[in-house]
Amino acid sequence: MKLKNLLIILGTITISITVFFISLYVQKLSIFDRMPVFAISREITSVDVLFSFGNAEGEDQQLKQPIAIAVDSEGKAYVLDSFHRDIKVYDPNGTFLFAFGKGGEDLLIAPGAIAIHNGLVLVSEPTIGRIQAFSTNGEFVRTLFASSKTEKYSPVGMAGLDDHLLFADAARHQLVKINLDGEVIATYGSPGPKEGQFAYPQYITIDQNERIYVSDSNNGRVQVFDEEGKYLQTIDGTIGEKEKMALPRGIAIDRYHRLIVVDTLANQLRFFELTGEPLFEYGEHGEDDGQLSFPNGVATFGNKVYIADRENNRIQVFSIGN
Amino acid sequence: MKQQYISRKLSVIIILGTVILLLLFGSLIGYGFFWNKYDQTSSSEKKVSVLKEQMFINPKDSIKQLELGWTYYQQGKYQEAKEQFEAFLNREKDHFDATFGLANSYIGLKNYQEAEKLLLHLNKTQAENADILHSLGIVYREQGKLEEAKQNLLMGLEINSLSSDIYYDLGLVYEKMENKEEAIAHYKKSIDFVPDYAEAIEGLKRLGIESYHPTQYHQQ
């Protein structure tokens, strides 16, 4: 090989790798956060606390009763502070960046859940019956969905499915599919304990095969549907003589395709295969690190699991050991 | 100009070596300065710093001082806890919670005589308080007054029969009294309430019972 060509190759490699690292430094994301999954085993052997945040900030930045969390593709965490009725944003290291939703056009009256879809931060307000959309910088974009006077919905958890958005309608015990103009396309389910019925459904997550997982809270289970809303299965945690979930709320699927369910009343995280087979249970009530007090929302990023530890006024970040 | 050539094998080695070196160098800088730089202070330590800040902003807020005392106590920092409870009591003499906190700090500092004085004082005003009776039981047990310890813990259980801690501490008293049967029964009872009660499990092992699995857990 000509020396000149070798030098060109080395120069190109050096510049590319330097740019790659600078982008990671700016985003505060480690190289492992961007790596594909290399799981030796799907089995979970431990759950460890990495850090917590929101519990040592200044007076107006301190979290109080955080109930929901979403993490964007850059690892920034958007936390719904139910007491202050705003959204607080933190960098991947848990450093407070800014808050929004506190006043003016973007005023949030009674936020209930948060999701990120198509680059928008969506905040549902169940008692108002609407979904507000913000940019990731916290600027108010538009009201994505609003109940009419005759048709009152109570949106809680949301999840994007192609060009549509699904939300759990807690008051009418159903799943609602809307388009991005806020028009209702379809509703699935009815009140009740049977398959395909709901009792205060709360959060939604969607797997890579577009199967929809809904935490059917007061029925103590997660129900799974296909993208057309057809009932597929129930996950209640009872396989292998385990205890049924008490009040499942936050749900998320991690990058190893494991379902994580927050059981609020049991102060536990329950991990499942997407088939419903229990993998691991973690948590007990308390205020020490690693303990939980009425946890609610959950989000994942890389190998990190973020839990809105409501009554401890903090977000706890866990790493999952394989 | 004369062209210089390098063998293909050497070129590949140089390219791979450069990539590896750059990745290592980049990762070192990343972990050194940018990545995983989260605050690893424990929640309890954060609570202490927040409370101190709040007390600095509003020195008249004595409730924060009380909260700080209990936070130190939970951290096992008994001397610091004692100082906070004492400072609080200088402002609000005979405050029940602060006096009880001070007594428990003395227990943590193994100053059982001072703890006993405070607890007896509290016991005069609240004779049917299971927490005071429990602490008195511990104080007597640690001073070797086993019969007094037993009586106070039994009274504590009369008032609060759902306390796994009182069952455990009573088990410990019975063990010291060499009443193996009662000690085992009380350790088991504490495990009935809290199945992973490590000290009680250890107590049973000392008495020759390697494992105990409660068939029916108590609901607290």
# chains A, B, ... in the order shown; residues from 1 in each chain; ligands from 1
>>> closest_atom_pairs(of="chain B", to="chain A", cutoff="9 Å", atoms="only C-alpha atoms", output="CSV")
residue,atom,partner,partner_atom,distance
B:Gln3,CA,A:Lys2,CA,7.0
B:Gln4,CA,A:Leu3,CA,5.6
B:Tyr5,CA,A:Lys2,CA,4.5
B:Ile6,CA,A:Met1,CA,5.2
B:Ser7,CA,A:Met1,CA,6.1
B:Arg8,CA,A:Met1,CA,5.9
B:Ser11,CA,A:Leu6,CA,6.9
B:Ile14,CA,A:Leu10,CA,8.5
B:Ile15,CA,A:Leu10,CA,6.4
B:Thr18,CA,A:Leu10,CA,7.4
B:Val19,CA,A:Ile13,CA,7.2
B:Leu22,CA,A:Ile17,CA,7.1
B:Leu23,CA,A:Ile17,CA,7.4
B:Gly26,CA,A:Phe21,CA,6.2
B:Ser27,CA,A:Ile31,CA,7.3
B:Ile29,CA,A:Tyr25,CA,8.8
B:Gly30,CA,A:Tyr25,CA,6.3
B:Tyr31,CA,A:Ser30,CA,7.6
B:Phe33,CA,A:Tyr25,CA,8.5
B:Phe34,CA,A:Lys28,CA,5.6
B:Trp35,CA,A:Lys28,CA,5.3
B:Asn36,CA,A:Asn93,CA,6.0
B:Lys37,CA,A:Asn93,CA,5.8
B:Tyr38,CA,A:Asn93,CA,4.4
B:Asp39,CA,A:Phe51,CA,6.6
B:Gln40,CA,A:Phe51,CA,5.4
B:Thr41,CA,A:Phe51,CA,7.7
B:Ser42,CA,A:Asp289,CA,6.6
B:Ser43,CA,A:Asp289,CA,6.1
B:Ser44,CA,A:Asp288,CA,6.8
B:Lys46,CA,A:Ala56,CA,5.5
B:Lys47,CA,A:Ala56,CA,7.0
B:Ser49,CA,A:Ala56,CA,7.6
B:Val50,CA,A:Ala56,CA,6.1
B:Gln54,CA,A:Glu59,CA,8.8
>>> write_last_selection(atoms="C-alpha atoms", output="compact mmCIF listing (two decimals), in the first residue's frame")
# COMPACT_ATOMS: atom_id res chain seq x y z
CA GLN B 3 6.53 6.63 -4.00
CA GLN B 4 6.97 4.89 -0.63
CA TYR B 5 5.22 1.57 -0.08
CA ILE B 6 4.24 -0.33 3.05
CA SER B 7 3.33 -4.00 3.10
CA ARG B 8 -0.38 -4.84 3.31
CA SER B 11 -0.80 -1.42 6.93
CA ILE B 14 -1.14 0.12 11.77
CA ILE B 15 -4.82 0.82 10.94
CA THR B 18 -4.69 3.26 15.47
CA VAL B 19 -8.40 2.40 15.82
CA LEU B 22 -8.18 6.02 19.52
CA LEU B 23 -11.06 4.03 21.05
CA GLY B 26 -11.57 8.35 23.68
CA SER B 27 -13.06 6.03 26.31
CA ILE B 29 -11.37 10.80 28.33
CA GLY B 30 -15.11 9.94 28.35
CA TYR B 31 -15.03 8.05 31.64
CA PHE B 33 -14.55 13.70 32.37
CA PHE B 34 -18.00 13.18 30.79
CA TRP B 35 -19.68 9.82 31.36
CA ASN B 36 -21.39 8.36 34.40
CA LYS B 37 -20.58 11.49 36.39
CA TYR B 38 -23.78 11.18 38.33
CA ASP B 39 -24.09 12.11 41.93
CA GLN B 40 -23.57 8.90 43.89
CA THR B 41 -24.36 10.50 47.21
CA SER B 42 -26.87 8.33 49.04
CA SER B 43 -30.45 9.56 49.36
CA SER B 44 -29.99 9.77 53.11
CA LYS B 46 -28.75 14.14 50.23
CA LYS B 47 -31.57 14.52 52.74
CA SER B 49 -27.63 18.36 53.01
CA VAL B 50 -31.13 19.53 51.96
CA GLN B 54 -33.26 24.61 54.75
>>> select_by_dssp(residues="stretch 129-203 of chain A", states="strand (DSSP E or B)", output="PyMOL selection string")
chain A and resi 130-134+140-146+155-161+164-169+174-179+184-188+191+198+201-203
>>> select_by_dssp(residues="stretch 20-192 of chain B", states="helix (DSSP H, G or I)", output="JSON, numbers by chain")
{"B": [20, 21, 22, 23, 24, 25, 26, 27, 28, 29, 30, 31, 32, 33, 34, 43, 44, 45, 46, 47, 48, 49, 50, 51, 52, 53, 54, 55, 56, 57, 62, 63, 64, 65, 66, 67, 68, 69, 70, 71, 72, 73, 74, 75, 78, 79, 80, 81, 82, 83, 84, 85, 86, 87, 88, 89, 90, 91, 96, 97, 98, 99, 100, 101, 102, 103, 104, 105, 106, 107, 108, 112, 113, 114, 115, 116, 117, 118, 119, 120, 121, 122, 123, 124, 125, 130, 131, 132, 133, 134, 135, 136, 137, 138, 139, 140, 141, 142, 146, 147, 148, 149, 150, 151, 152, 153, 154, 155, 156, 157, 158, 159, 164, 165, 166, 167, 168, 169, 170, 171, 172, 173, 174, 175, 176, 180, 181, 182, 183, 184, 185, 186, 187, 188, 189, 190, 191, 192]}
>>> residues_around(residues="stretch 254-271 of chain A", least_positions_apart="6", cutoff="7 Å", atoms="only C-alpha atoms", output="list in words")
Met245, Ala246, Leu247, Pro248, Pro278, Leu279, Phe280, Glu281, Tyr282, Gly283, Glu284, His285, Leu292, Ser293, Phe294, Pro295, Asn296, Val298, Thr300 and Gly302 of chain A
>>> atom_distance(atom1="atom CA of A:Asp86", atom2="atom CA of A:Asp309")
16.4 Å
>>> residues_around(residues="stretch 195-207 of chain B", least_positions_apart="3", cutoff="10 Å", atoms="only C-alpha atoms", output="list in words")
Ser164, Asp165, Tyr167, Tyr168, Asp169, Gly171, Leu172, Glu175, Lys180, Glu181, Ala183, Ile184, Ala185, His186, Tyr187, Lys188, Lys189, Ser190, Ile191, Asp192, Glu210, Ser211, Tyr212, His213, Pro214, Tyr217 and His218 of chain B
>>> atom_distance(atom1="atom CA of B:Val12", atom2="atom CA of A:Val19")
22.3 Å
>>> residues_around(residues="A:Glu277", least_positions_apart="3", cutoff="9 Å", atoms="only C-alpha atoms", output="PyMOL selection string")
chain A and resi 235+237-240+271-274
